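K.L.:
Structure provided below as structure tokens; questions to follow.
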Amino acid sequence: MKVNSWNANVGSSYQRSRRNTWRSNAAFNLQKDKITLQSSIDLGDRRFLRNWNNDLYYPDAHWENRGITDFKNNYYAVKAALDYKVNERLTLGTKFNASLFDTKNSGTPSFSNIYDSAGALQKYISTSSFQRVKSQQQVYNLYSEYKLDTLGKKITMDLDYVNYNGPGNRPFSYATYKPNNEIVQGSQFIGLNNTESQIQNFSAKIDTELPLKFVNLSFGGRFSTVKTTNDIAAYKEVNSEMVPDTNISNYFRYRENNEALYVSGSKKIGKWDLQAGLRMEATQTTGYSRELDSTHKNNYIKLFPTLYAMYSIADKTSISFNYSRRINRPSYESLNPFRTINNSNSYNEGNAFLQPAFTDNVELTFTYKNLDSRVYFSSLKNGISQASLIDPATMNNNFVWMNYVDANSFGLAETFTWKPVKWWSSMNTFNLSHSNTQLSIGPERYKGWTADFSTSNDFTLNKLKTAFFNLTYTQDFGGIYNNFTSKAYSTVDISFKYLAFDKKLVISLVGSNIFNGIGYSYQMMNGVKQSFRNIWDNQSFRVSLNYKFGNDKIKTSNRQSGNTEELNRM
């Protein structure tokens, strides 16, 4: 990085799908003496219009569920990072991120048409809802880096704090109608949910890197504590007045502490590259529900080993082995036991008793020049998902977060890269996998194959290397995954990029899923077939402009916060 220099960039983009979306951004970076400053601002909106097509085939009835979600999120985000180089060994720094979100989610109208076994309409349920959440989030970081020598030995320390606050409200209503559009007596319901969600997280970690003659060693420790509070005040209309609805009002508080110690080492011995590591995590959780007057606690210690070995057979030819164990903790939203009413026969609900999921992965990879061949095995225990609980007797279909998936899968992945001519490079991948799944909510075991193929092709359009084109084709061949069976579909993406004014101006045009490929899937639950053919609004066209100022030789680093895992769970 050059001393006493600066650079900046400004940009904007417009995207058209079924809704218009825009975004603007600006950044400024400064290197002066011992100070390095990075700053940026982003603002815009994110919009989509989605169609939900969900059909239920009961033994003596067919439910045709059709819904629309009109989503809009206006956002504003500011980031700043400041480093101070005290001397050649010690660097101190701080980072600050602040975000504001104004989210509006309209689901009006949605219908459930109920037909008998002969296909005659018996009744229909009409639902209307509107949700608005105004949330804000601040992320603070303090860090230090101390170099023990000039050979790479160093100690880094991070302190991180996150504060999230998201008040919202959701008015909703539903009613059942006869085929002649006459309302069924007593079926109308009008409700309102006022919610308040707060999440606070503090984490601290220390890492040491010691490249020694006999091994490259790294070790460290981390502590994290999270506190979430969720309050829902529910109301329902009675005699034209809104009164408290004690059936779904609730207050839920959740606290989680996590302590971790980890160590890893790597060594090159002749043609061998070896790495091994071990992470020990202790976790304590407490969830309290005021309305249920119940407290649920967890306390566990888990080990997470990793192992990697690669043997170089010849130039551009190698074989490698990799094993790892991973943890996937539930999101804070899924842990919230609140119930959101969809209509008289359906609701969404969280689960305060969720446990983390664990995955063991084993991979064997053979590389020969431009071809990578990988075989793999993965075992998932306690998998977390939103289960669709279907009751054929009551025709209720409720969506509840659960640990209900145990799955083993194995497969083959092939990746081939080639450059037929100087101006064309291509990356091609094919994946074939088999899964064997057992669900805790049913006796059935699901087995089957899935496969997909993709090719991504980059073209340089001129000798100055200022014009580029990309064409990507993806084919999903369908198959069985967990308890879902999917049908084949394909997508095509294209992009064009042009560099102007000494490559300081970047003009980009991107078309995503230009032929509007749509997936279709179905599942069986308690003898009931449930099909999904949702339109995700991912067919889009985007144009963007970005202009750079100042010294383009400045190199800035984007350090990850010490609480990245917690941020991903929000």
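Please note that chains go A, B, ... in the order of the structure tokens, that every chain numbers its residues from 1, and that ligands are numbered from 1 in the order shown.
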What residues in stretch 108-167 of chain A get the DSSP label strand (DSSP E or B)? Please answer as a ChimeraX atom specification.

P.N.:
/A:110-116,121-147,154-165

K.L.:
Got a sec: who's within 10 Å of stretch 558-566 of chain A, counting only C-alpha atoms, leaving out chain neighbours fewer than 3 positions off, as a ChimeraX atom specification?

P.N.:
/A:38,81,95,139-143,157-162,200-206,222-226,328-329,331-332,569-570

K.L.:
When you count only C-alpha atoms, which of these residues is closest to A:Leu567: A:Trp63, A:Tyr164, A:Tyr75, A:Tyr124?

P.N.:
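Selected residue with least distance to A:Leu567: A:Tyr164.
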
K.L.:
Find the spatial neighbours of stretch 395-400 of chain A, counting only C-alpha atoms, within a cut-off of 6 Å - ignore same-chain residues fewer than 4 positions away - and output them as a list in words.

P.N.:
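Near stretch 395-400 of chain A, the qualifying residues are Asn345, Ser346, Tyr347, Asn348, Glu349, Gly350, Gln386, Ala387, Ser388, Leu389, Ile390 and Asp391 of chain A.
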
K.L.:
What does the distance from atom CA of A:Phe353 to atom CA of A:Met402 come to in Å, to one decimal?

P.N.:
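The value is 8.4 Å.
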
K.L.:
Neighbours of stretch 313-316 of chain A within 10 Å (only C-alpha atoms; same-chain residues fewer than 5 positions away dropped), as a list in words?

P.N.:
Lys271, Trp272, Thr367, Tyr368, Lys369, Asn370 and Leu371 of chain A

K.L.:
Go ahead and write the selection's residues with C-alpha atoms as a CSV table (one decimal), in the first residue's frame.

P.N.:
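Output file selection12.csv is given in full below:
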chain,number,residue,atom,x,y,z
A,271,LYS,CA,5.3,-34.6,-1.7
A,272,TRP,CA,2.9,-34.5,1.2
A,367,THR,CA,-6.7,-33.9,-9.7
A,368,TYR,CA,-5.2,-34.5,-13.2
A,369,LYS,CA,-4.3,-31.3,-15.0
A,370,ASN,CA,-7.6,-29.5,-15.7
A,371,LEU,CA,-9.8,-32.3,-14.3

K.L.:
Can you work out which one of A:Gly442, A:Pro305, A:Pro179, A:Pro392 has the shortest atom-to-atom distance to A:Val405, counting only C-alpha atoms?

P.N.:
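Distance minimum relative to A:Val405 lands on A:Gly442.
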
K.L.:
Write out as CSV a residue-level contact list of stretch 66-176 of chain A versus stretch 227-244 of chain A with cut-off 12 Å: for each qualifying residue the closest pair of atoms and the distance in Å to one decimal, counting only C-alpha atoms, rows sorted by chain and residue number upward.

P.N.:
residue,atom,partner,partner_atom,distance
A:Tyr161,CA,A:Lys227,CA,11.7
A:Val162,CA,A:Lys227,CA,10.5
A:Asn163,CA,A:Lys227,CA,9.9
A:Tyr164,CA,A:Thr228,CA,9.2
A:Asn165,CA,A:Thr229,CA,9.7
A:Gly166,CA,A:Asn230,CA,9.6
A:Pro167,CA,A:Asp231,CA,9.4
A:Gly168,CA,A:Ile232,CA,9.5
A:Asn169,CA,A:Ile232,CA,9.2
A:Arg170,CA,A:Ala234,CA,9.4
A:Pro171,CA,A:Tyr235,CA,9.2
A:Phe172,CA,A:Lys236,CA,9.6
A:Ser173,CA,A:Lys236,CA,9.5
A:Tyr174,CA,A:Lys236,CA,11.8

K.L.:
I'd like the neighbourhood of A:Asp273 as a list in words, where a residue qualifies if any of its atoms comes within 12 Å (using only C-alpha atoms), though same-chain residues fewer than 6 positions away should be ignored.

P.N.:
Val215, Asn216, Gly265, Ser266, Lys267, Leu307, Tyr308, Ala309, Met310, Tyr311, Ser312, Ile313, Ser318, Ile319, Ser320, Phe321 and Asn322 of chain A

K.L.:
Kindly give the distance, in Å, that separates atom CA of A:Glu444 and atom CA of A:Asn343, rounded to a single decimal.

P.N.:
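Straight-line distance from atom CA of A:Glu444 to atom CA of A:Asn343 works out to 28.8 Å.
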
K.L.:
Atom CA of A:Tyr115 to atom CA of A:Glu64: how many Å, to one decimal?

P.N.:
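Taking atom CA of A:Tyr115 as the start and atom CA of A:Glu64 as the end point, the length is 8.0 Å.
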
K.L.:
Once you count only C-alpha atoms, what closest atom pair and distance in Å to one decimal does each residue of stretch 109-193 of chain A within 12 Å of stretch 42-56 of chain A have, with rows by chain and rising residue number, as JSON lines?

P.N.:
{"residue": "A:Pro109", "atom": "CA", "partner": "A:Asn51", "partner_atom": "CA", "distance": 11.0}
{"residue": "A:Ser110", "atom": "CA", "partner": "A:Trp52", "partner_atom": "CA", "distance": 8.9}
{"residue": "A:Phe111", "atom": "CA", "partner": "A:Asn53", "partner_atom": "CA", "distance": 10.2}
{"residue": "A:Ser112", "atom": "CA", "partner": "A:Asp55", "partner_atom": "CA", "distance": 9.1}
{"residue": "A:Asn113", "atom": "CA", "partner": "A:Asp55", "partner_atom": "CA", "distance": 9.6}
{"residue": "A:Ile114", "atom": "CA", "partner": "A:Leu56", "partner_atom": "CA", "distance": 9.5}
{"residue": "A:Tyr115", "atom": "CA", "partner": "A:Leu56", "partner_atom": "CA", "distance": 10.5}
{"residue": "A:Asp116", "atom": "CA", "partner": "A:Leu56", "partner_atom": "CA", "distance": 11.9}
